[in-house]
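The next block holds one structure in the form of structure tokens; read it before the comments.
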Amino acid sequence: MTDKERQAIYEALLLRSMHGKLKRRTTTIVANLFNVNRCCVQSIWRTAKKCLAEGVPIDVSCKRKKNCGRKKVAIDMSRIATIPLDKRTTLRALAHELGITRSTLHRWFTQGKLRRHSNTLKPYLRDDNKKSRLQYCVSMIDGGTLRFIDMKNIIHIDEKWFNTTKKAKKYYMLPEEEDPLRTIHNKNSIPKCMLLCAVTEPRYDNEGKCYFDGKLGIWPFVRQVYFYSPMQMFFFLLR
């Protein structure tokens, strides 16, 4: 609290006092009025009574000046860059390497001094991969204008396998409902289905409005096949 706030609290206590004594629950009322702790209000009143007993002017200002309170631990942030990345995967591991508490690192993270990065693996391109990519880029150049074609006559197709169900599923049910029973011959050989998706470049008019979003469709390829072992499924996919 500032000195003005402490003085205002003392004046509020003085108005509610009777012959230098406070009524019951006066400190609680004043504490709620200024939204402070009741102990702080009682401390200010004791300081004022002590000044009166010693015959000195009443001074309820804070006696802690400038360099007071808990000191921050000085830590060189540049040390973090010298720690190997495999030892910086969690706050606990990084705090162990720096020799500080995990709560300190979490406070730095909330203050923006640290950032979280999710790293994913990237494909490694060999020389033949780079050549094939460069050949594809060259093939997309129009020989007459030496510009890239607009690719409006190209359709991109991709397929994806999906399991028809999951090993564990969650449901929201009434207390009196019975638990559903789901059965399968082998939970490690869940039936699958394939979906084929075809998209192309979206089309826009002269005003910039999209009149074709480029989505051609998604088609399921469903064929019921039972596999009694993963090896049998492997040979089926090779055919």
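Residue numbers start at 1 in each chain; chains themselves are named A, B, ... in the order of the structure tokens; ligands are numbered from 1 in the order shown.
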
Write out as a ChimeraX atom specification which residues come within 10 Å of Ala95 of chain A when counting only C-alpha atoms, dropping same-chain ones fewer than 6 positions away.
/A:80,87-88,101-106

Requested write-out: C-alpha atoms of the selected residues, as a tab-separated table (two decimals), in the first residue's frame:
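Once written, selection.tsv looks like this:
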```tsv
chain	number	residue	atom	x	y	z
A	80	ILE	CA	19.67	-21.73	-22.13
A	87	LYS	CA	17.68	-31.71	-22.25
A	88	ARG	CA	15.21	-28.91	-22.96
A	101	THR	CA	13.04	-24.14	-9.62
A	102	ARG	CA	10.44	-25.17	-12.15
A	103	SER	CA	8.06	-22.43	-10.98
A	104	THR	CA	10.62	-19.79	-11.96
A	105	LEU	CA	10.81	-21.19	-15.48
A	106	HIS	CA	7.03	-21.30	-15.69
```

DSSP on the backbone: which residues in segment 155-201 of chain A end up as strand (DSSP E)? Give the answer as an MDAnalysis selection string.
chainID A and resid 156:163 192:199

Using only C-alpha atoms, which of A:His185, A:His156, A:Lys71, A:Lys113 sits nearest Lys215 of chain A?
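The shortest atom-to-atom distance to Lys215 of chain A comes from A:His156.
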
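Coordinates place atom CA of Asp3 of chain A at a distance of 13.6 Å from atom CA of Phe34 of chain A.
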
Could you write out, as a PDB file with N, CA and C atoms, in the first residue's frame, all the residues of segment 5-175 of chain A that DSSP marks as alpha helix (DSSP H)?
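Contents of the output file selection.pdb:
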```pdb
ATOM      1  N   GLU A   5      -2.715   5.664   0.997  1.00  0.00           N
ATOM      2  CA  GLU A   5      -3.708   4.660   1.357  1.00  0.00           C
ATOM      3  C   GLU A   5      -3.635   4.324   2.840  1.00  0.00           C
ATOM      4  N   ARG A   6      -2.422   4.236   3.377  1.00  0.00           N
ATOM      5  CA  ARG A   6      -2.273   3.947   4.806  1.00  0.00           C
ATOM      6  C   ARG A   6      -2.833   5.085   5.653  1.00  0.00           C
ATOM      7  N   GLN A   7      -2.610   6.339   5.192  1.00  0.00           N
ATOM      8  CA  GLN A   7      -3.146   7.482   5.918  1.00  0.00           C
ATOM      9  C   GLN A   7      -4.666   7.501   5.848  1.00  0.00           C
ATOM     10  N   ALA A   8      -5.237   7.126   4.690  1.00  0.00           N
ATOM     11  CA  ALA A   8      -6.697   7.085   4.565  1.00  0.00           C
ATOM     12  C   ALA A   8      -7.293   6.011   5.467  1.00  0.00           C
ATOM     13  N   ILE A   9      -6.619   4.894   5.614  1.00  0.00           N
ATOM     14  CA  ILE A   9      -7.098   3.838   6.508  1.00  0.00           C
ATOM     15  C   ILE A   9      -7.074   4.317   7.957  1.00  0.00           C
ATOM     16  N   TYR A  10      -6.007   5.027   8.334  1.00  0.00           N
ATOM     17  CA  TYR A  10      -5.934   5.531   9.711  1.00  0.00           C
ATOM     18  C   TYR A  10      -7.050   6.539   9.984  1.00  0.00           C
ATOM     19  N   GLU A  11      -7.328   7.408   9.015  1.00  0.00           N
ATOM     20  CA  GLU A  11      -8.397   8.382   9.211  1.00  0.00           C
ATOM     21  C   GLU A  11      -9.753   7.689   9.308  1.00  0.00           C
ATOM     22  N   ALA A  12      -9.966   6.621   8.532  1.00  0.00           N
ATOM     23  CA  ALA A  12     -11.227   5.893   8.637  1.00  0.00           C
ATOM     24  C   ALA A  12     -11.372   5.215  10.000  1.00  0.00           C
ATOM     25  N   LEU A  13     -10.260   4.723  10.539  1.00  0.00           N
ATOM     26  CA  LEU A  13     -10.300   4.117  11.872  1.00  0.00           C
ATOM     27  C   LEU A  13     -10.545   5.179  12.942  1.00  0.00           C
ATOM     28  N   LEU A  14      -9.942   6.342  12.742  1.00  0.00           N
ATOM     29  CA  LEU A  14     -10.087   7.419  13.724  1.00  0.00           C
ATOM     30  C   LEU A  14     -11.529   7.913  13.791  1.00  0.00           C
ATOM     31  N   LEU A  15     -12.212   7.960  12.636  1.00  0.00           N
ATOM     32  CA  LEU A  15     -13.607   8.396  12.633  1.00  0.00           C
ATOM     33  C   LEU A  15     -14.516   7.400  13.348  1.00  0.00           C
ATOM     34  N   THR A  26     -14.570  -3.170  13.900  1.00  0.00           N
ATOM     35  CA  THR A  26     -14.237  -1.950  13.140  1.00  0.00           C
ATOM     36  C   THR A  26     -13.136  -2.224  12.141  1.00  0.00           C
ATOM     37  N   THR A  27     -12.103  -2.972  12.569  1.00  0.00           N
ATOM     38  CA  THR A  27     -10.989  -3.258  11.639  1.00  0.00           C
ATOM     39  C   THR A  27     -11.468  -4.106  10.457  1.00  0.00           C
ATOM     40  N   THR A  28     -12.410  -5.001  10.682  1.00  0.00           N
ATOM     41  CA  THR A  28     -12.930  -5.816   9.574  1.00  0.00           C
ATOM     42  C   THR A  28     -13.703  -4.972   8.585  1.00  0.00           C
ATOM     43  N   ILE A  29     -14.481  -4.011   9.112  1.00  0.00           N
ATOM     44  CA  ILE A  29     -15.269  -3.135   8.235  1.00  0.00           C
ATOM     45  C   ILE A  29     -14.354  -2.265   7.388  1.00  0.00           C
ATOM     46  N   VAL A  30     -13.320  -1.711   7.998  1.00  0.00           N
ATOM     47  CA  VAL A  30     -12.380  -0.853   7.257  1.00  0.00           C
ATOM     48  C   VAL A  30     -11.582  -1.674   6.247  1.00  0.00           C
ATOM     49  N   ALA A  31     -11.201  -2.897   6.628  1.00  0.00           N
ATOM     50  CA  ALA A  31     -10.467  -3.755   5.697  1.00  0.00           C
ATOM     51  C   ALA A  31     -11.306  -4.078   4.465  1.00  0.00           C
ATOM     52  N   ASN A  32     -12.580  -4.348   4.657  1.00  0.00           N
ATOM     53  CA  ASN A  32     -13.459  -4.597   3.511  1.00  0.00           C
ATOM     54  C   ASN A  32     -13.692  -3.336   2.692  1.00  0.00           C
ATOM     55  N   LEU A  33     -13.669  -2.188   3.371  1.00  0.00           N
ATOM     56  CA  LEU A  33     -13.883  -0.926   2.677  1.00  0.00           C
ATOM     57  C   LEU A  33     -12.739  -0.611   1.720  1.00  0.00           C
ATOM     58  N   PHE A  34     -11.511  -0.891   2.148  1.00  0.00           N
ATOM     59  CA  PHE A  34     -10.331  -0.597   1.326  1.00  0.00           C
ATOM     60  C   PHE A  34      -9.803  -1.838   0.599  1.00  0.00           C
ATOM     61  N   ARG A  38      -7.164  -7.657   7.031  1.00  0.00           N
ATOM     62  CA  ARG A  38      -7.484  -7.088   8.343  1.00  0.00           C
ATOM     63  C   ARG A  38      -6.225  -6.891   9.185  1.00  0.00           C
ATOM     64  N   CYS A  39      -5.224  -7.738   8.998  1.00  0.00           N
ATOM     65  CA  CYS A  39      -3.975  -7.593   9.762  1.00  0.00           C
ATOM     66  C   CYS A  39      -3.256  -6.293   9.429  1.00  0.00           C
ATOM     67  N   CYS A  40      -3.334  -5.859   8.167  1.00  0.00           N
ATOM     68  CA  CYS A  40      -2.705  -4.588   7.790  1.00  0.00           C
ATOM     69  C   CYS A  40      -3.383  -3.410   8.487  1.00  0.00           C
ATOM     70  N   VAL A  41      -4.699  -3.470   8.575  1.00  0.00           N
ATOM     71  CA  VAL A  41      -5.441  -2.397   9.255  1.00  0.00           C
ATOM     72  C   VAL A  41      -5.094  -2.366  10.737  1.00  0.00           C
ATOM     73  N   GLN A  42      -4.997  -3.525  11.375  1.00  0.00           N
ATOM     74  CA  GLN A  42      -4.628  -3.584  12.785  1.00  0.00           C
ATOM     75  C   GLN A  42      -3.202  -3.088  13.006  1.00  0.00           C
ATOM     76  N   SER A  43      -2.298  -3.385  12.071  1.00  0.00           N
ATOM     77  CA  SER A  43      -0.920  -2.909  12.201  1.00  0.00           C
ATOM     78  C   SER A  43      -0.842  -1.387  12.132  1.00  0.00           C
ATOM     79  N   ILE A  44      -1.640  -0.782  11.241  1.00  0.00           N
ATOM     80  CA  ILE A  44      -1.656   0.687  11.135  1.00  0.00           C
ATOM     81  C   ILE A  44      -2.196   1.305  12.425  1.00  0.00           C
ATOM     82  N   TRP A  45      -3.209   0.706  13.019  1.00  0.00           N
ATOM     83  CA  TRP A  45      -3.766   1.243  14.261  1.00  0.00           C
ATOM     84  C   TRP A  45      -2.767   1.103  15.411  1.00  0.00           C
ATOM     85  N   ARG A  46      -2.049  -0.003  15.470  1.00  0.00           N
ATOM     86  CA  ARG A  46      -1.037  -0.165  16.523  1.00  0.00           C
ATOM     87  C   ARG A  46       0.091   0.838  16.358  1.00  0.00           C
ATOM     88  N   THR A  47       0.470   1.136  15.123  1.00  0.00           N
ATOM     89  CA  THR A  47       1.527   2.128  14.885  1.00  0.00           C
ATOM     90  C   THR A  47       1.080   3.511  15.350  1.00  0.00           C
ATOM     91  N   ALA A  48      -0.183   3.841  15.072  1.00  0.00           N
ATOM     92  CA  ALA A  48      -0.694   5.149  15.501  1.00  0.00           C
ATOM     93  C   ALA A  48      -0.751   5.241  17.030  1.00  0.00           C
ATOM     94  N   LYS A  49      -1.177   4.197  17.718  1.00  0.00           N
ATOM     95  CA  LYS A  49      -1.235   4.193  19.178  1.00  0.00           C
ATOM     96  C   LYS A  49       0.169   4.284  19.779  1.00  0.00           C
ATOM     97  N   LYS A  50       1.136   3.658  19.144  1.00  0.00           N
ATOM     98  CA  LYS A  50       2.520   3.733  19.643  1.00  0.00           C
ATOM     99  C   LYS A  50       3.066   5.151  19.531  1.00  0.00           C
ATOM    100  N   CYS A  51       2.742   5.833  18.425  1.00  0.00           N
ATOM    101  CA  CYS A  51       3.185   7.222  18.262  1.00  0.00           C
ATOM    102  C   CYS A  51       2.551   8.125  19.325  1.00  0.00           C
ATOM    103  N   LEU A  52       1.272   7.896  19.626  1.00  0.00           N
ATOM    104  CA  LEU A  52       0.609   8.679  20.669  1.00  0.00           C
ATOM    105  C   LEU A  52       1.228   8.416  22.034  1.00  0.00           C
ATOM    106  N   ALA A  53       1.577   7.175  22.314  1.00  0.00           N
ATOM    107  CA  ALA A  53       2.179   6.838  23.611  1.00  0.00           C
ATOM    108  C   ALA A  53       3.551   7.461  23.770  1.00  0.00           C
ATOM    109  N   GLU A  54       4.295   7.580  22.670  1.00  0.00           N
ATOM    110  CA  GLU A  54       5.642   8.164  22.738  1.00  0.00           C
ATOM    111  C   GLU A  54       5.617   9.676  22.611  1.00  0.00           C
ATOM    112  N   ARG A  79      22.428 -18.796 -21.055  1.00  0.00           N
ATOM    113  CA  ARG A  79      22.847 -20.165 -20.768  1.00  0.00           C
ATOM    114  C   ARG A  79      21.901 -21.191 -21.371  1.00  0.00           C
ATOM    115  N   ILE A  80      20.654 -20.792 -21.592  1.00  0.00           N
ATOM    116  CA  ILE A  80      19.671 -21.732 -22.127  1.00  0.00           C
ATOM    117  C   ILE A  80      20.069 -22.190 -23.523  1.00  0.00           C
ATOM    118  N   ALA A  81      20.626 -21.283 -24.328  1.00  0.00           N
ATOM    119  CA  ALA A  81      21.005 -21.640 -25.693  1.00  0.00           C
ATOM    120  C   ALA A  81      22.164 -22.624 -25.734  1.00  0.00           C
ATOM    121  N   THR A  82      22.962 -22.705 -24.679  1.00  0.00           N
ATOM    122  CA  THR A  82      24.105 -23.614 -24.658  1.00  0.00           C
ATOM    123  C   THR A  82      23.736 -25.018 -24.192  1.00  0.00           C
ATOM    124  N   LEU A  91      10.012 -28.394 -18.854  1.00  0.00           N
ATOM    125  CA  LEU A  91      10.444 -27.366 -17.916  1.00  0.00           C
ATOM    126  C   LEU A  91      11.221 -27.966 -16.757  1.00  0.00           C
ATOM    127  N   ARG A  92      10.853 -29.178 -16.348  1.00  0.00           N
ATOM    128  CA  ARG A  92      11.548 -29.816 -15.241  1.00  0.00           C
ATOM    129  C   ARG A  92      13.000 -30.130 -15.617  1.00  0.00           C
ATOM    130  N   ALA A  93      13.207 -30.646 -16.844  1.00  0.00           N
ATOM    131  CA  ALA A  93      14.561 -30.966 -17.282  1.00  0.00           C
ATOM    132  C   ALA A  93      15.397 -29.703 -17.448  1.00  0.00           C
ATOM    133  N   LEU A  94      14.802 -28.654 -18.006  1.00  0.00           N
ATOM    134  CA  LEU A  94      15.536 -27.401 -18.183  1.00  0.00           C
ATOM    135  C   LEU A  94      15.866 -26.750 -16.847  1.00  0.00           C
ATOM    136  N   ALA A  95      14.933 -26.816 -15.892  1.00  0.00           N
ATOM    137  CA  ALA A  95      15.204 -26.251 -14.571  1.00  0.00           C
ATOM    138  C   ALA A  95      16.332 -27.008 -13.878  1.00  0.00           C
ATOM    139  N   HIS A  96      16.404 -28.322 -14.084  1.00  0.00           N
ATOM    140  CA  HIS A  96      17.494 -29.112 -13.484  1.00  0.00           C
ATOM    141  C   HIS A  96      18.843 -28.703 -14.057  1.00  0.00           C
ATOM    142  N   GLU A  97      18.890 -28.436 -15.358  1.00  0.00           N
ATOM    143  CA  GLU A  97      20.162 -28.035 -15.971  1.00  0.00           C
ATOM    144  C   GLU A  97      20.580 -26.632 -15.538  1.00  0.00           C
ATOM    145  N   LEU A  98      19.615 -25.739 -15.326  1.00  0.00           N
ATOM    146  CA  LEU A  98      19.938 -24.372 -14.908  1.00  0.00           C
ATOM    147  C   LEU A  98      20.156 -24.257 -13.408  1.00  0.00           C
ATOM    148  N   ARG A 102      11.307 -25.087 -10.991  1.00  0.00           N
ATOM    149  CA  ARG A 102      10.436 -25.169 -12.155  1.00  0.00           C
ATOM    150  C   ARG A 102       9.439 -24.022 -12.189  1.00  0.00           C
ATOM    151  N   SER A 103       9.018 -23.535 -11.009  1.00  0.00           N
ATOM    152  CA  SER A 103       8.061 -22.427 -10.976  1.00  0.00           C
ATOM    153  C   SER A 103       8.657 -21.154 -11.565  1.00  0.00           C
ATOM    154  N   THR A 104       9.972 -20.966 -11.373  1.00  0.00           N
ATOM    155  CA  THR A 104      10.625 -19.794 -11.962  1.00  0.00           C
ATOM    156  C   THR A 104      10.596 -19.854 -13.479  1.00  0.00           C
ATOM    157  N   LEU A 105      10.871 -21.035 -14.031  1.00  0.00           N
ATOM    158  CA  LEU A 105      10.812 -21.188 -15.483  1.00  0.00           C
ATOM    159  C   LEU A 105       9.392 -20.985 -16.006  1.00  0.00           C
ATOM    160  N   HIS A 106       8.417 -21.492 -15.256  1.00  0.00           N
ATOM    161  CA  HIS A 106       7.027 -21.303 -15.692  1.00  0.00           C
ATOM    162  C   HIS A 106       6.645 -19.831 -15.658  1.00  0.00           C
ATOM    163  N   ARG A 107       7.141 -19.080 -14.700  1.00  0.00           N
ATOM    164  CA  ARG A 107       6.858 -17.647 -14.658  1.00  0.00           C
ATOM    165  C   ARG A 107       7.506 -16.941 -15.845  1.00  0.00           C
ATOM    166  N   TRP A 108       8.718 -17.350 -16.224  1.00  0.00           N
ATOM    167  CA  TRP A 108       9.353 -16.781 -17.412  1.00  0.00           C
ATOM    168  C   TRP A 108       8.540 -17.090 -18.671  1.00  0.00           C
ATOM    169  N   PHE A 109       7.979 -18.291 -18.717  1.00  0.00           N
ATOM    170  CA  PHE A 109       7.198 -18.675 -19.888  1.00  0.00           C
ATOM    171  C   PHE A 109       5.931 -17.823 -19.998  1.00  0.00           C
ATOM    172  N   THR A 110       5.252 -17.581 -18.875  1.00  0.00           N
ATOM    173  CA  THR A 110       4.041 -16.752 -18.904  1.00  0.00           C
ATOM    174  C   THR A 110       4.369 -15.293 -19.213  1.00  0.00           C
ATOM    175  N   GLN A 111       5.574 -14.857 -18.874  1.00  0.00           N
ATOM    176  CA  GLN A 111       5.991 -13.490 -19.163  1.00  0.00           C
ATOM    177  C   GLN A 111       6.503 -13.315 -20.587  1.00  0.00           C
ATOM    178  N   ASP A 127      19.717 -36.727 -53.581  1.00  0.00           N
ATOM    179  CA  ASP A 127      19.986 -36.024 -54.838  1.00  0.00           C
ATOM    180  C   ASP A 127      18.962 -36.376 -55.902  1.00  0.00           C
ATOM    181  N   ASP A 128      18.559 -37.661 -55.991  1.00  0.00           N
ATOM    182  CA  ASP A 128      17.562 -38.029 -56.990  1.00  0.00           C
ATOM    183  C   ASP A 128      16.201 -37.420 -56.679  1.00  0.00           C
ATOM    184  N   ASN A 129      15.879 -37.235 -55.339  1.00  0.00           N
ATOM    185  CA  ASN A 129      14.627 -36.566 -54.990  1.00  0.00           C
ATOM    186  C   ASN A 129      14.641 -35.109 -55.438  1.00  0.00           C
ATOM    187  N   LYS A 130      15.757 -34.443 -55.246  1.00  0.00           N
ATOM    188  CA  LYS A 130      15.864 -33.052 -55.670  1.00  0.00           C
ATOM    189  C   LYS A 130      15.760 -32.921 -57.185  1.00  0.00           C
ATOM    190  N   LYS A 131      16.350 -33.871 -57.909  1.00  0.00           N
ATOM    191  CA  LYS A 131      16.283 -33.814 -59.373  1.00  0.00           C
ATOM    192  C   LYS A 131      14.855 -34.028 -59.858  1.00  0.00           C
ATOM    193  N   SER A 132      14.151 -34.982 -59.236  1.00  0.00           N
ATOM    194  CA  SER A 132      12.769 -35.239 -59.651  1.00  0.00           C
ATOM    195  C   SER A 132      11.868 -34.045 -59.361  1.00  0.00           C
ATOM    196  N   ARG A 133      12.092 -33.378 -58.246  1.00  0.00           N
ATOM    197  CA  ARG A 133      11.294 -32.189 -57.937  1.00  0.00           C
ATOM    198  C   ARG A 133      11.590 -31.060 -58.922  1.00  0.00           C
ATOM    199  N   LEU A 134      12.861 -30.900 -59.283  1.00  0.00           N
ATOM    200  CA  LEU A 134      13.218 -29.859 -60.236  1.00  0.00           C
ATOM    201  C   LEU A 134      12.650 -30.169 -61.617  1.00  0.00           C
ATOM    202  N   GLN A 135      12.652 -31.460 -61.995  1.00  0.00           N
ATOM    203  CA  GLN A 135      12.075 -31.837 -63.284  1.00  0.00           C
ATOM    204  C   GLN A 135      10.573 -31.576 -63.312  1.00  0.00           C
ATOM    205  N   TYR A 136       9.900 -31.809 -62.180  1.00  0.00           N
ATOM    206  CA  TYR A 136       8.463 -31.531 -62.118  1.00  0.00           C
ATOM    207  C   TYR A 136       8.196 -30.035 -62.261  1.00  0.00           C
ATOM    208  N   CYS A 137       9.023 -29.218 -61.610  1.00  0.00           N
ATOM    209  CA  CYS A 137       8.837 -27.762 -61.724  1.00  0.00           C
ATOM    210  C   CYS A 137       9.053 -27.297 -63.163  1.00  0.00           C
ATOM    211  N   VAL A 138      10.055 -27.876 -63.847  1.00  0.00           N
ATOM    212  CA  VAL A 138      10.322 -27.488 -65.231  1.00  0.00           C
ATOM    213  C   VAL A 138       9.185 -27.936 -66.141  1.00  0.00           C
ATOM    214  N   SER A 139       8.590 -29.093 -65.831  1.00  0.00           N
ATOM    215  CA  SER A 139       7.493 -29.584 -66.663  1.00  0.00           C
ATOM    216  C   SER A 139       6.243 -28.724 -66.545  1.00  0.00           C
TER     217      SER A 139
END
```

Polymer residues at most 10 Å from Ala198 of chain A, only C-alpha atoms, same-chain spacing of 4 or more positions, as a ChimeraX atom specification:
/A:155-159,214-219
